[in-house]
file final30.cif (mmCIF, C-alpha atoms and all ligand atoms)
data_data
#
loop_
_atom_site.group_PDB
_atom_site.id
_atom_site.type_symbol
_atom_site.label_atom_id
_atom_site.label_comp_id
_atom_site.auth_asym_id
_atom_site.auth_seq_id
_atom_site.Cartn_x
_atom_site.Cartn_y
_atom_site.Cartn_z
ATOM 1 C CA MET A 1497 0.000 0.000 0.000
ATOM 2 C CA ALA A 1498 1.481 3.351 -1.052
ATOM 3 C CA ASN A 1499 1.160 6.628 0.860
ATOM 4 C CA PHE A 1500 1.537 8.550 -2.346
ATOM 5 C CA SER A 1501 2.110 7.545 -5.904
ATOM 6 C CA LEU A 1502 1.867 8.885 -9.423
ATOM 7 C CA ALA A 1503 1.725 7.564 -12.980
ATOM 8 C CA ILE A 1504 2.053 9.433 -16.261
ATOM 9 C CA HIS A 1505 1.701 8.733 -19.966
ATOM 10 C CA GLY A 1506 3.026 10.444 -23.061
ATOM 11 C CA GLY A 1507 0.647 8.766 -25.491
ATOM 12 C CA ALA A 1508 -0.144 5.293 -26.736
ATOM 13 C CA GLY A 1509 1.235 6.087 -30.159
ATOM 14 C CA VAL A 1510 4.877 5.165 -30.021
ATOM 15 C CA LEU A 1511 7.403 4.680 -32.737
ATOM 16 C CA ALA A 1512 7.523 1.115 -33.979
ATOM 17 C CA LYS A 1513 10.435 -0.674 -32.339
ATOM 18 C CA THR A 1514 12.095 -0.900 -35.733
ATOM 19 C CA ASN A 1515 12.113 2.916 -36.088
ATOM 20 C CA MET A 1516 13.249 3.695 -32.543
ATOM 21 C CA ASN A 1517 16.855 4.687 -31.963
ATOM 22 C CA GLU A 1518 18.899 5.541 -28.904
ATOM 23 C CA SER A 1519 18.950 9.350 -29.229
ATOM 24 C CA LEU A 1520 15.209 9.448 -29.733
ATOM 25 C CA LYS A 1521 14.624 7.150 -26.794
ATOM 26 C CA VAL A 1522 16.700 9.438 -24.592
ATOM 27 C CA LEU A 1523 14.433 12.387 -25.461
ATOM 28 C CA TYR A 1524 11.256 10.558 -24.540
ATOM 29 C CA LEU A 1525 12.667 9.092 -21.368
ATOM 30 C CA LYS A 1526 13.999 12.494 -20.305
ATOM 31 C CA GLY A 1527 10.547 14.029 -20.852
ATOM 32 C CA LEU A 1528 8.904 11.278 -18.811
ATOM 33 C CA LYS A 1529 11.465 11.470 -16.031
ATOM 34 C CA GLU A 1530 11.138 15.258 -15.686
ATOM 35 C CA ALA A 1531 7.372 14.964 -15.440
ATOM 36 C CA LEU A 1532 7.614 12.263 -12.763
ATOM 37 C CA GLU A 1533 10.025 14.431 -10.797
ATOM 38 C CA ALA A 1534 7.705 17.447 -11.074
ATOM 39 C CA GLY A 1535 4.888 15.350 -9.610
ATOM 40 C CA ARG A 1536 7.110 13.766 -6.968
ATOM 41 C CA LEU A 1537 8.229 17.162 -5.706
ATOM 42 C CA VAL A 1538 4.612 18.098 -5.029
ATOM 43 C CA LEU A 1539 3.599 14.814 -3.375
ATOM 44 C CA LYS A 1540 6.709 14.599 -1.223
ATOM 45 C CA ARG A 1541 6.121 17.989 0.328
ATOM 46 C CA GLY A 1542 2.560 16.961 1.185
ATOM 47 C CA GLY A 1543 0.889 18.607 -1.813
ATOM 48 C CA THR A 1544 -2.377 17.322 -3.227
ATOM 49 C CA ALA A 1545 -2.928 14.774 -5.991
ATOM 50 C CA THR A 1546 -4.502 17.585 -8.020
ATOM 51 C CA GLU A 1547 -1.411 19.752 -7.717
ATOM 52 C CA ALA A 1548 0.796 16.789 -8.588
ATOM 53 C CA VAL A 1549 -1.059 15.770 -11.762
ATOM 54 C CA VAL A 1550 -1.140 19.388 -12.933
ATOM 55 C CA ALA A 1551 2.613 19.761 -12.307
ATOM 56 C CA ALA A 1552 3.365 16.542 -14.202
ATOM 57 C CA VAL A 1553 1.133 17.457 -17.137
ATOM 58 C CA VAL A 1554 2.557 21.001 -17.346
ATOM 59 C CA SER A 1555 6.011 19.448 -17.631
ATOM 60 C CA LEU A 1556 4.815 17.165 -20.461
ATOM 61 C CA GLU A 1557 2.984 20.031 -22.203
ATOM 62 C CA ASN A 1558 6.214 22.022 -22.214
ATOM 63 C CA CYS A 1559 8.144 19.147 -23.749
ATOM 64 C CA GLU A 1560 8.118 19.380 -27.523
ATOM 65 C CA VAL A 1561 8.169 15.656 -28.196
ATOM 66 C CA PHE A 1562 4.673 15.003 -26.845
ATOM 67 C CA ASN A 1563 1.372 15.888 -28.540
ATOM 68 C CA ALA A 1564 0.061 18.431 -26.021
ATOM 69 C CA GLY A 1565 0.741 22.110 -25.376
ATOM 70 C CA ARG A 1566 3.899 23.008 -27.249
ATOM 71 C CA GLY A 1567 4.111 19.803 -29.307
ATOM 72 C CA SER A 1568 0.447 19.812 -30.419
ATOM 73 C CA VAL A 1569 -0.403 18.426 -33.871
ATOM 74 C CA PHE A 1570 -1.820 20.521 -36.742
ATOM 75 C CA THR A 1571 -5.536 20.722 -37.546
ATOM 76 C CA HIS A 1572 -6.877 20.633 -41.114
ATOM 77 C CA THR A 1573 -6.638 24.410 -41.336
ATOM 78 C CA GLY A 1574 -3.070 24.502 -40.063
ATOM 79 C CA THR A 1575 -3.845 25.638 -36.527
ATOM 80 C CA HIS A 1576 -3.456 23.936 -33.155
ATOM 81 C CA GLU A 1577 -6.567 23.180 -31.108
ATOM 82 C CA MET A 1578 -5.949 21.736 -27.702
ATOM 83 C CA ASP A 1579 -8.157 19.891 -25.224
ATOM 84 C CA ALA A 1580 -7.497 19.244 -21.533
ATOM 85 C CA ALA A 1581 -9.298 18.010 -18.425
ATOM 86 C CA LEU A 1582 -8.724 17.708 -14.703
ATOM 87 C CA MET A 1583 -10.772 15.784 -12.145
ATOM 88 C CA GLU A 1584 -10.591 15.251 -8.389
ATOM 89 C CA GLY A 1585 -11.696 11.973 -6.832
ATOM 90 C CA GLU A 1586 -12.670 13.374 -3.440
ATOM 91 C CA ASN A 1587 -15.717 15.359 -4.513
ATOM 92 C CA LEU A 1588 -15.934 14.686 -8.282
ATOM 93 C CA SER A 1589 -14.911 18.280 -9.069
ATOM 94 C CA ALA A 1590 -13.898 18.630 -12.693
ATOM 95 C CA GLY A 1591 -12.807 21.239 -15.210
ATOM 96 C CA ALA A 1592 -12.058 20.970 -18.910
ATOM 97 C CA VAL A 1593 -11.420 22.985 -22.056
ATOM 98 C CA ALA A 1594 -11.796 22.063 -25.708
ATOM 99 C CA GLY A 1595 -10.481 23.644 -28.888
ATOM 100 C CA VAL A 1596 -8.290 26.294 -27.265
ATOM 101 C CA ARG A 1597 -5.498 27.615 -29.465
ATOM 102 C CA ILE A 1598 -3.487 30.104 -27.504
ATOM 103 C CA PHE A 1599 -2.486 28.692 -24.139
ATOM 104 C CA LYS A 1600 0.927 27.303 -23.284
ATOM 105 C CA ASN A 1601 -0.609 25.020 -20.692
ATOM 106 C CA PRO A 1602 -4.238 24.087 -21.401
ATOM 107 C CA ILE A 1603 -4.286 21.956 -18.232
ATOM 108 C CA LYS A 1604 -3.974 25.160 -16.183
ATOM 109 C CA VAL A 1605 -7.036 26.549 -17.959
ATOM 110 C CA ALA A 1606 -8.914 23.324 -17.154
ATOM 111 C CA ALA A 1607 -7.865 23.761 -13.518
ATOM 112 C CA ALA A 1608 -9.169 27.334 -13.535
ATOM 113 C CA VAL A 1609 -12.501 26.137 -14.970
ATOM 114 C CA MET A 1610 -12.732 23.646 -12.104
ATOM 115 C CA GLU A 1611 -11.743 26.112 -9.409
ATOM 116 C CA LYS A 1612 -13.318 29.348 -10.570
ATOM 117 C CA THR A 1613 -16.546 28.483 -12.373
ATOM 118 C CA GLU A 1614 -19.640 26.425 -11.778
ATOM 119 C CA HIS A 1615 -19.157 24.807 -15.196
ATOM 120 C CA VAL A 1616 -17.241 21.717 -16.238
ATOM 121 C CA LEU A 1617 -16.361 22.165 -19.916
ATOM 122 C CA LEU A 1618 -15.660 25.403 -21.787
ATOM 123 C CA CYS A 1619 -14.821 25.483 -25.477
ATOM 124 C CA GLY A 1620 -13.476 27.639 -28.293
ATOM 125 C CA PRO A 1621 -13.074 31.432 -28.259
ATOM 126 C CA GLU A 1622 -15.147 31.913 -25.111
ATOM 127 C CA ALA A 1623 -12.920 29.465 -23.256
ATOM 128 C CA GLU A 1624 -9.990 31.536 -24.476
ATOM 129 C CA ASN A 1625 -11.616 34.703 -23.144
ATOM 130 C CA PHE A 1626 -12.075 32.970 -19.816
ATOM 131 C CA GLY A 1627 -8.418 31.857 -19.726
ATOM 132 C CA THR A 1628 -7.002 35.261 -20.623
ATOM 133 C CA GLU A 1629 -9.290 36.980 -18.109
ATOM 134 C CA HIS A 1630 -7.802 34.684 -15.492
ATOM 135 C CA GLY A 1631 -4.257 35.581 -16.502
ATOM 136 C CA LEU A 1632 -3.242 32.240 -18.006
ATOM 137 C CA GLU A 1633 -0.129 32.392 -20.118
ATOM 138 C CA THR A 1634 -0.614 32.547 -23.887
ATOM 139 C CA ALA A 1635 1.781 31.995 -26.781
ATOM 140 C CA LYS A 1636 1.917 33.064 -30.438
ATOM 141 C CA PRO A 1637 1.298 30.365 -33.106
ATOM 142 C CA ASP A 1638 5.041 29.966 -33.767
ATOM 143 C CA TYR A 1639 5.486 28.608 -30.215
ATOM 144 C CA PHE A 1640 3.474 25.585 -31.364
ATOM 145 C CA PHE A 1641 5.175 25.304 -34.765
ATOM 146 C CA ASN A 1642 7.215 22.214 -35.265
ATOM 147 C CA GLU A 1643 8.824 21.194 -38.540
ATOM 148 C CA PHE A 1644 8.105 17.506 -38.143
ATOM 149 C CA ARG A 1645 4.483 17.953 -37.174
ATOM 150 C CA HIS A 1646 4.050 20.377 -40.047
ATOM 151 C CA LYS A 1647 5.313 17.767 -42.517
ATOM 152 C CA GLN A 1648 3.122 15.160 -40.873
ATOM 153 C CA TRP A 1649 0.105 17.392 -41.471
ATOM 154 C CA LEU A 1650 1.105 18.284 -45.070
ATOM 155 C CA ALA A 1651 1.273 14.560 -45.820
ATOM 156 C CA ILE A 1652 -2.470 14.113 -45.133
ATOM 157 C CA ARG A 1653 -3.884 17.656 -45.342
ATOM 158 C CA ASP A 1654 -5.559 17.101 -48.704
ATOM 159 C CA THR A 1655 -7.183 13.850 -47.728
ATOM 160 C CA ASN A 1656 -10.265 13.380 -45.604
ATOM 161 C CA GLN A 1657 -8.239 11.426 -43.110
ATOM 162 C CA THR A 1658 -7.774 12.233 -39.470
ATOM 163 C CA LYS A 1659 -4.851 10.433 -37.879
ATOM 164 C CA LEU A 1660 -3.401 9.676 -34.518
ATOM 165 C CA ASP A 1661 -0.054 11.433 -34.317
ATOM 166 C CA HIS A 1662 1.964 8.249 -34.495
ATOM 167 C CA ALA A 1663 -0.049 6.938 -37.413
ATOM 168 C CA VAL A 1664 1.393 9.494 -39.848
ATOM 169 C CA VAL A 1665 4.762 8.012 -40.598
ATOM 170 C CA LEU A 1666 6.955 10.011 -42.920
ATOM 171 C CA PRO A 1667 9.777 8.266 -44.723
ATOM 172 C CA SER A 1668 11.840 11.410 -44.176
ATOM 173 C CA SER A 1669 10.931 11.860 -40.505
ATOM 174 C CA PRO A 1670 13.768 13.403 -38.573
ATOM 175 C CA PRO A 1671 14.870 10.771 -36.107
ATOM 176 C CA ASP A 1672 14.264 12.988 -33.105
ATOM 177 C CA LYS A 1673 10.612 13.951 -33.523
ATOM 178 C CA LYS A 1674 7.707 11.734 -32.564
ATOM 179 C CA PHE A 1675 4.844 12.602 -30.280
ATOM 180 C CA GLY A 1676 1.991 11.511 -28.006
ATOM 181 C CA THR A 1677 -0.877 12.826 -25.856
ATOM 182 C CA VAL A 1678 -0.122 13.262 -22.162
ATOM 183 C CA GLY A 1679 -1.713 12.511 -18.816
ATOM 184 C CA ALA A 1680 -1.144 11.893 -15.124
ATOM 185 C CA VAL A 1681 -2.950 10.189 -12.242
ATOM 186 C CA ALA A 1682 -1.985 10.409 -8.575
ATOM 187 C CA LEU A 1683 -2.762 9.379 -5.014
ATOM 188 C CA ASP A 1684 -1.732 11.861 -2.302
ATOM 189 C CA VAL A 1685 -0.970 11.445 1.407
ATOM 190 C CA PHE A 1686 -4.535 12.507 2.240
ATOM 191 C CA GLY A 1687 -5.857 9.471 0.356
ATOM 192 C CA ASN A 1688 -7.256 11.524 -2.520
ATOM 193 C CA LEU A 1689 -7.047 10.687 -6.212
ATOM 194 C CA ALA A 1690 -6.815 13.002 -9.236
ATOM 195 C CA ALA A 1691 -6.488 12.662 -13.008
ATOM 196 C CA ALA A 1692 -5.329 15.102 -15.698
ATOM 197 C CA THR A 1693 -5.098 14.718 -19.480
ATOM 198 C CA SER A 1694 -3.993 17.143 -22.208
ATOM 199 C CA THR A 1695 -3.766 16.774 -25.982
ATOM 200 C CA GLY A 1696 -3.406 18.429 -29.355
ATOM 201 C CA GLY A 1697 -5.823 15.749 -30.587
ATOM 202 C CA MET A 1698 -5.492 14.060 -33.961
ATOM 203 C CA THR A 1699 -3.526 15.312 -36.955
ATOM 204 C CA ASN A 1700 -5.712 16.963 -39.631
ATOM 205 C CA LYS A 1701 -8.808 17.047 -37.410
ATOM 206 C CA ARG A 1702 -11.485 19.429 -38.709
ATOM 207 C CA TYR A 1703 -14.814 21.141 -38.012
ATOM 208 C CA GLY A 1704 -13.876 21.741 -34.386
ATOM 209 C CA ARG A 1705 -13.439 18.030 -33.692
ATOM 210 C CA VAL A 1706 -13.048 17.272 -29.989
ATOM 211 C CA GLY A 1707 -11.710 13.926 -28.775
ATOM 212 C CA ASP A 1708 -12.120 11.999 -25.556
ATOM 213 C CA THR A 1709 -9.568 13.936 -23.495
ATOM 214 C CA PRO A 1710 -11.851 16.722 -22.150
ATOM 215 C CA ILE A 1711 -14.919 14.499 -21.916
ATOM 216 C CA ILE A 1712 -15.279 13.527 -18.276
ATOM 217 C CA GLY A 1713 -15.852 9.791 -18.106
ATOM 218 C CA ALA A 1714 -14.371 9.115 -21.564
ATOM 219 C CA GLY A 1715 -10.719 10.248 -21.502
ATOM 220 C CA THR A 1716 -10.456 11.479 -17.925
ATOM 221 C CA TYR A 1717 -12.112 10.415 -14.665
ATOM 222 C CA ALA A 1718 -11.418 10.304 -10.924
ATOM 223 C CA ASN A 1719 -13.435 8.950 -8.027
ATOM 224 C CA ASN A 1720 -11.974 8.164 -4.597
ATOM 225 C CA LYS A 1721 -14.308 5.156 -4.364
ATOM 226 C CA THR A 1722 -12.610 3.493 -7.319
ATOM 227 C CA CYS A 1723 -9.722 5.025 -9.264
ATOM 228 C CA ALA A 1724 -8.314 7.905 -11.302
ATOM 229 C CA ILE A 1725 -7.787 7.418 -15.043
ATOM 230 C CA SER A 1726 -6.207 9.220 -17.977
ATOM 231 C CA CYS A 1727 -6.626 7.768 -21.480
ATOM 232 C CA THR A 1728 -4.776 8.042 -24.778
ATOM 233 C CA GLY A 1729 -5.729 6.720 -28.181
ATOM 234 C CA HIS A 1730 -8.294 7.140 -30.949
ATOM 235 C CA GLY A 1731 -10.691 9.458 -29.138
ATOM 236 C CA GLU A 1732 -13.872 8.634 -31.020
ATOM 237 C CA PHE A 1733 -13.709 5.043 -29.773
ATOM 238 C CA PHE A 1734 -12.897 6.132 -26.222
ATOM 239 C CA ILE A 1735 -15.949 8.410 -26.247
ATOM 240 C CA LYS A 1736 -18.253 5.682 -27.573
ATOM 241 C CA ALA A 1737 -16.948 3.155 -25.043
ATOM 242 C CA VAL A 1738 -16.980 5.758 -22.207
ATOM 243 C CA VAL A 1739 -13.689 4.151 -21.279
ATOM 244 C CA ALA A 1740 -12.608 5.850 -18.061
ATOM 245 C CA TYR A 1741 -16.032 5.635 -16.437
ATOM 246 C CA ASP A 1742 -16.444 2.078 -17.620
ATOM 247 C CA VAL A 1743 -13.325 1.052 -15.687
ATOM 248 C CA SER A 1744 -14.602 2.859 -12.595
ATOM 249 C CA CYS A 1745 -18.041 1.198 -12.915
ATOM 250 C CA LEU A 1746 -16.546 -2.274 -13.228
ATOM 251 C CA MET A 1747 -14.772 -1.654 -9.943
ATOM 252 C CA GLU A 1748 -17.713 -0.045 -8.176
ATOM 253 C CA TYR A 1749 -20.566 -2.262 -9.351
ATOM 254 C CA ARG A 1750 -18.864 -5.526 -10.188
ATOM 255 C CA GLY A 1751 -16.076 -5.476 -7.583
ATOM 256 C CA LEU A 1752 -13.293 -5.990 -10.133
ATOM 257 C CA SER A 1753 -9.751 -5.045 -9.126
ATOM 258 C CA LEU A 1754 -8.093 -2.093 -10.872
ATOM 259 C CA GLU A 1755 -5.992 -4.441 -12.975
ATOM 260 C CA GLU A 1756 -8.939 -6.629 -13.987
ATOM 261 C CA ALA A 1757 -11.150 -3.666 -14.906
ATOM 262 C CA CYS A 1758 -8.453 -1.854 -16.910
ATOM 263 C CA SER A 1759 -7.336 -4.936 -18.728
ATOM 264 C CA TYR A 1760 -10.888 -5.941 -19.691
ATOM 265 C CA VAL A 1761 -11.755 -2.493 -21.078
ATOM 266 C CA VAL A 1762 -8.510 -1.897 -22.989
ATOM 267 C CA LYS A 1763 -7.656 -5.374 -24.183
ATOM 268 C CA ASP A 1764 -11.127 -6.766 -24.798
ATOM 269 C CA LYS A 1765 -13.888 -4.175 -25.139
ATOM 270 C CA LEU A 1766 -11.845 -1.554 -26.989
ATOM 271 C CA VAL A 1767 -10.168 -4.086 -29.239
ATOM 272 C CA LYS A 1768 -13.559 -5.490 -30.281
ATOM 273 C CA ILE A 1769 -14.741 -2.088 -31.518
ATOM 274 C CA GLY A 1770 -11.393 -1.222 -33.142
ATOM 275 C CA GLY A 1771 -10.270 1.357 -30.566
ATOM 276 C CA GLU A 1772 -6.500 1.641 -30.456
ATOM 277 C CA GLY A 1773 -4.852 3.090 -27.347
ATOM 278 C CA GLY A 1774 -4.331 2.680 -23.651
ATOM 279 C CA LEU A 1775 -4.714 4.295 -20.249
ATOM 280 C CA ILE A 1776 -3.058 4.834 -16.910
ATOM 281 C CA ALA A 1777 -4.990 4.258 -13.709
ATOM 282 C CA ILE A 1778 -4.416 4.365 -9.979
ATOM 283 C CA ASP A 1779 -6.588 3.185 -7.086
ATOM 284 C CA LYS A 1780 -6.889 4.339 -3.481
ATOM 285 C CA SER A 1781 -4.156 1.919 -2.370
ATOM 286 C CA GLY A 1782 -1.752 3.467 -4.849
ATOM 287 C CA ARG A 1783 -1.833 0.409 -7.123
ATOM 288 C CA ILE A 1784 -1.176 1.290 -10.730
ATOM 289 C CA SER A 1785 -2.330 -0.234 -14.002
ATOM 290 C CA MET A 1786 -1.124 0.916 -17.426
ATOM 291 C CA PRO A 1787 -2.587 -1.339 -20.153
ATOM 292 C CA PHE A 1788 -2.471 -0.582 -23.886
ATOM 293 C CA ASN A 1789 -3.432 -2.402 -27.062
ATOM 294 C CA SER A 1790 -1.024 -0.507 -29.315
ATOM 295 C CA GLU A 1791 2.611 -1.439 -29.883
ATOM 296 C CA GLY A 1792 3.676 0.624 -26.895
ATOM 297 C CA MET A 1793 2.788 3.551 -24.654
ATOM 298 C CA TYR A 1794 5.181 6.139 -23.231
ATOM 299 C CA ARG A 1795 4.583 5.812 -19.519
ATOM 300 C CA GLY A 1796 6.107 5.804 -16.071
ATOM 301 C CA PHE A 1797 5.322 5.746 -12.377
ATOM 302 C CA PHE A 1798 6.687 5.837 -8.854
ATOM 303 C CA GLN A 1799 5.340 4.737 -5.480
ATOM 304 C CA ASN A 1800 6.480 6.463 -2.279
ATOM 305 C CA ASP A 1801 10.226 7.105 -2.346
ATOM 306 C CA GLU A 1802 10.981 4.283 -4.734
ATOM 307 C CA PRO A 1803 12.791 5.122 -7.967
ATOM 308 C CA ASN A 1804 10.938 6.097 -11.130
ATOM 309 C CA GLN A 1805 10.143 3.376 -13.593
ATOM 310 C CA VAL A 1806 9.655 4.295 -17.244
ATOM 311 C CA PHE A 1807 8.501 2.242 -20.200
ATOM 312 C CA ILE A 1808 7.944 2.552 -23.926
ATOM 313 C CA TYR A 1809 7.211 -1.042 -24.946
ATOM 314 C CA GLU A 1810 6.645 -4.028 -22.640
ATOM 315 C CA ASN A 1811 9.722 -3.830 -20.422
ATOM 316 C CA ALA A 1812 11.080 -1.070 -18.156
ATOM 317 C CA GLU A 1813 13.734 1.162 -19.726
ATOM 318 C CA GLU A 1814 17.037 2.064 -18.118
ATOM 319 C CA ILE A 1815 17.229 5.698 -16.971
HETATM 320 N N1 LIG A 1901 -7.150 10.736 -27.396
HETATM 321 C C1 LIG A 1901 -6.661 11.830 -28.163
HETATM 322 C C2 LIG A 1901 -7.768 12.335 -29.061
HETATM 323 O O1 LIG A 1901 -8.451 11.535 -29.673
HETATM 324 C C3 LIG A 1901 -5.476 11.496 -29.009
HETATM 325 C C4 LIG A 1901 -4.388 10.652 -28.377
HETATM 326 O O2 LIG A 1901 -4.501 10.224 -27.242
HETATM 327 O O3 LIG A 1901 -3.358 10.419 -29.018
HETATM 328 O O4 LIG A 1901 -7.882 13.526 -29.215
#

call {"tool": "encode", "arguments": {"input": "final30.cif", "output": "structure tokens"}}
result
Amino acid sequence: MANFSLAIHGGAGVLAKTNMNESLKVLYLKGLKEALEAGRLVLKRGGTATEAVVAAVVSLENCEVFNAGRGSVFTHTGTHEMDAALMEGENLSAGAVAGVRIFKNPIKVAAAVMEKTEHVLLCGPEAENFGTEHGLETAKPDYFFNEFRHKQWLAIRDTNQTKLDHAVVLPSSPPDKKFGTVGAVALDVFGNLAAATSTGGMTNKRYGRVGDTPIIGAGTYANNKTCAISCTGHGEFFIKAVVAYDVSCLMEYRGLSLEEACSYVVKDKLVKIGGEGGLIAIDKSGRISMPFNSEGMYRGFFQNDEPNQVFIYENAEEI
């Protein structure tokens, strides 16, 4: 049983093992490690699970290699539209934003929605007005510009396709640029759970498409009675399968363990409907589950003062 613990993900879309190389691996692992340390700092000094998941996600949003904040993918019109959500397990408080273009850290805007409004989900220009009124840091479009992502978008811009970031593989991809959505779940010393997720969504998305990330119960959920969850993968399937809430329900109503519930939803239910991806989850004992049905998932965790463990494929990586 852990007093505090935290898990993070950097997306279920990873480079195929055959395309992964050492320098690239170092970048991902560094990004994961920094995020774990940001969360650990908060939990160790007695901070809350909410503060810890926000700190971890901010760190991942600032890291260019992941598809969130700075590293967000391009939409069909060449912009960046980001979604984020935060939820607390103690009282089911939640805040989320969808389709915001200007914030460095959309997760902080989601936190402000939770803390300062009576709403749960704000979207588009009005959400941006809300964020700027509350002093959240903005950035010009070039902050989000990334050569690799731009090429990724150009490769499918003129098609009707919408792709997960890792699904657009360019033969000429620079070896140091590959991305993924981000999230964190934590248990704090007070016994509370929290979940946070942030994403640039899917490459070439259009018409204001919003994925599962900011939908409470689909991509993000936390309930002290069961678990806290952050998902990554093809959002439309995660919305239809109400993935995060489904895991929580299996625990609450059917008495499944965290591991059983997560594994059933990701490796059975999602697979049957064609939903590629994974999730990270934590329960009130600090147990962690991180299943995926894709080739890999950037992820990591720690429990109490034990060292960080990070993974890309099946086995732990050296850091
Ligand atoms: N779930 C995200 C979305 O559909 C994408 C991802 O996790 O890679 O917007």

call {"tool": "closest_residue", "arguments": {"input": "final30.cif", "among": "A:Asp1638, A:Glu1748, A:Glu1643, A:Asp1708", "to": "ligand LIG 1901 (chain A)", "atoms": "only C-alpha atoms and all ligand atoms"}}
result
A:Asp1708

call {"tool": "atom_distance", "arguments": {"input": "final30.cif", "atom1": "CA of Thr1575 in chain A", "atom2": "CA of Leu1511 in chain A"}}
result
24.1 Å

call {"tool": "resolve_selection", "arguments": {"input": "final30.cif", "expression": "the PyMOL selection byres (((chain A and resi 1775-1780) around 6) and not hetatm)", "output": "count of residues only"}}
result
13

call {"tool": "closest_residue", "arguments": {"input": "final30.cif", "among": "A:Pro1803, A:Gly1770, A:Pro1710, A:Gly1574", "to": "ligand LIG 1901 (chain A)", "atoms": "all atoms listed in the file"}}
result
A:Pro1710

call {"tool": "closest_atom_pairs", "arguments": {"input": "final30.cif", "of": "chain A", "to": "ligand LIG 1901 (chain A)", "cutoff": "10 Å", "atoms": "all atoms listed in the file", "output": "CSV"}}
result
residue,atom,partner,partner_atom,distance
A:His1505,CA,A:LIG1901,O2,9.7
A:Gly1506,CA,A:LIG1901,O2,8.6
A:Gly1507,CA,A:LIG1901,O3,5.6
A:Ala1508,CA,A:LIG1901,O3,6.5
A:Gly1509,CA,A:LIG1901,O3,6.4
A:Val1510,CA,A:LIG1901,O3,9.8
A:Phe1562,CA,A:LIG1901,O3,9.5
A:Asn1563,CA,A:LIG1901,O3,7.2
A:Ala1564,CA,A:LIG1901,O3,9.2
A:Val1569,CA,A:LIG1901,O3,9.8
A:Glu1577,CA,A:LIG1901,O4,9.9
A:Met1578,CA,A:LIG1901,O4,8.6
A:Asp1579,CA,A:LIG1901,O4,7.5
A:Ala1580,CA,A:LIG1901,O4,9.6
A:Thr1658,CA,A:LIG1901,O1,9.8
A:Lys1659,CA,A:LIG1901,C3,9.0
A:Leu1660,CA,A:LIG1901,O3,5.6
A:Asp1661,CA,A:LIG1901,O3,6.3
A:His1662,CA,A:LIG1901,O3,7.9
A:Ala1663,CA,A:LIG1901,O3,9.7
A:Phe1675,CA,A:LIG1901,O3,8.6
A:Gly1676,CA,A:LIG1901,O3,5.6
A:Thr1677,CA,A:LIG1901,O2,4.7
A:Val1678,CA,A:LIG1901,O2,7.4
A:Gly1679,CA,A:LIG1901,O2,9.2
A:Thr1693,CA,A:LIG1901,O2,9.0
A:Ser1694,CA,A:LIG1901,C1,8.4
A:Thr1695,CA,A:LIG1901,C1,6.1
A:Gly1696,CA,A:LIG1901,O4,6.6
A:Gly1697,CA,A:LIG1901,O4,3.3
A:Met1698,CA,A:LIG1901,O4,5.3
A:Thr1699,CA,A:LIG1901,C3,9.0
A:Lys1701,CA,A:LIG1901,O4,9.0
A:Arg1705,CA,A:LIG1901,O4,8.4
A:Val1706,CA,A:LIG1901,O4,6.4
A:Gly1707,CA,A:LIG1901,O4,3.9
A:Asp1708,CA,A:LIG1901,N1,5.4
A:Thr1709,CA,A:LIG1901,N1,5.6
A:Pro1710,CA,A:LIG1901,O4,8.7
A:Ala1714,CA,A:LIG1901,N1,9.4
A:Gly1715,CA,A:LIG1901,N1,6.9
A:Ser1726,CA,A:LIG1901,O2,9.5
A:Cys1727,CA,A:LIG1901,O2,6.6
A:Thr1728,CA,A:LIG1901,O2,3.3
A:Gly1729,CA,A:LIG1901,O2,3.8
A:His1730,CA,A:LIG1901,O1,4.6
A:Gly1731,CA,A:LIG1901,O1,3.1
A:Glu1732,CA,A:LIG1901,O1,6.3
A:Phe1733,CA,A:LIG1901,O1,8.4
A:Phe1734,CA,A:LIG1901,N1,7.5
A:Ile1735,CA,A:LIG1901,O1,8.8
A:Glu1772,CA,A:LIG1901,O2,9.4
A:Gly1773,CA,A:LIG1901,O2,7.1
A:Gly1774,CA,A:LIG1901,O2,8.4
A:Leu1775,CA,A:LIG1901,O2,9.2

call {"tool": "resolve_selection", "arguments": {"input": "final30.cif", "expression": "the PyMOL selection byres (((chain A and resi 1810) around 10) and not hetatm)", "output": "MDAnalysis selection string"}}
result
chainID A and resid 1787:1788 1791:1793 1807:1809 1811:1813

call {"tool": "closest_residue", "arguments": {"input": "final30.cif", "among": "A:Ala1552, A:Val1609, A:Ile1652, A:Cys1619", "to": "Arg1597 in chain A", "atoms": "only C-alpha atoms"}}
result
A:Cys1619

call {"tool": "residues_near_point", "arguments": {"input": "final30.cif", "point": "(-9.2, 13.5, -10.8)", "cutoff": "12 Å", "atoms": "only C-alpha atoms", "output": "PyMOL selection string"}}
result
chain A and resi 1544-1550+1581-1592+1606-1607+1610+1679-1684+1688-1693+1712-1713+1715-1726+1740-1741+1777-1780

call {"tool": "residues_near_point", "arguments": {"input": "final30.cif", "point": "(5.7, 26.6, -31.3)", "cutoff": "10 Å", "atoms": "only C-alpha atoms", "output": "MDAnalysis selection string"}}
result
chainID A and resid 1560 1565:1568 1576 1600 1635:1643

call {"tool": "write_last_selection", "arguments": {"input": "final30.cif", "atoms": "C-alpha atoms", "output": "compact mmCIF listing (two decimals), in the coordinates of the input"}}
result
# COMPACT_ATOMS: atom_id res chain seq x y z
CA GLU A 1560 8.12 19.38 -27.52
CA GLY A 1565 0.74 22.11 -25.38
CA ARG A 1566 3.90 23.01 -27.25
CA GLY A 1567 4.11 19.80 -29.31
CA SER A 1568 0.45 19.81 -30.42
CA HIS A 1576 -3.46 23.94 -33.16
CA LYS A 1600 0.93 27.30 -23.28
CA ALA A 1635 1.78 32.00 -26.78
CA LYS A 1636 1.92 33.06 -30.44
CA PRO A 1637 1.30 30.36 -33.11
CA ASP A 1638 5.04 29.97 -33.77
CA TYR A 1639 5.49 28.61 -30.22
CA PHE A 1640 3.47 25.58 -31.36
CA PHE A 1641 5.18 25.30 -34.76
CA ASN A 1642 7.22 22.21 -35.26
CA GLU A 1643 8.82 21.19 -38.54
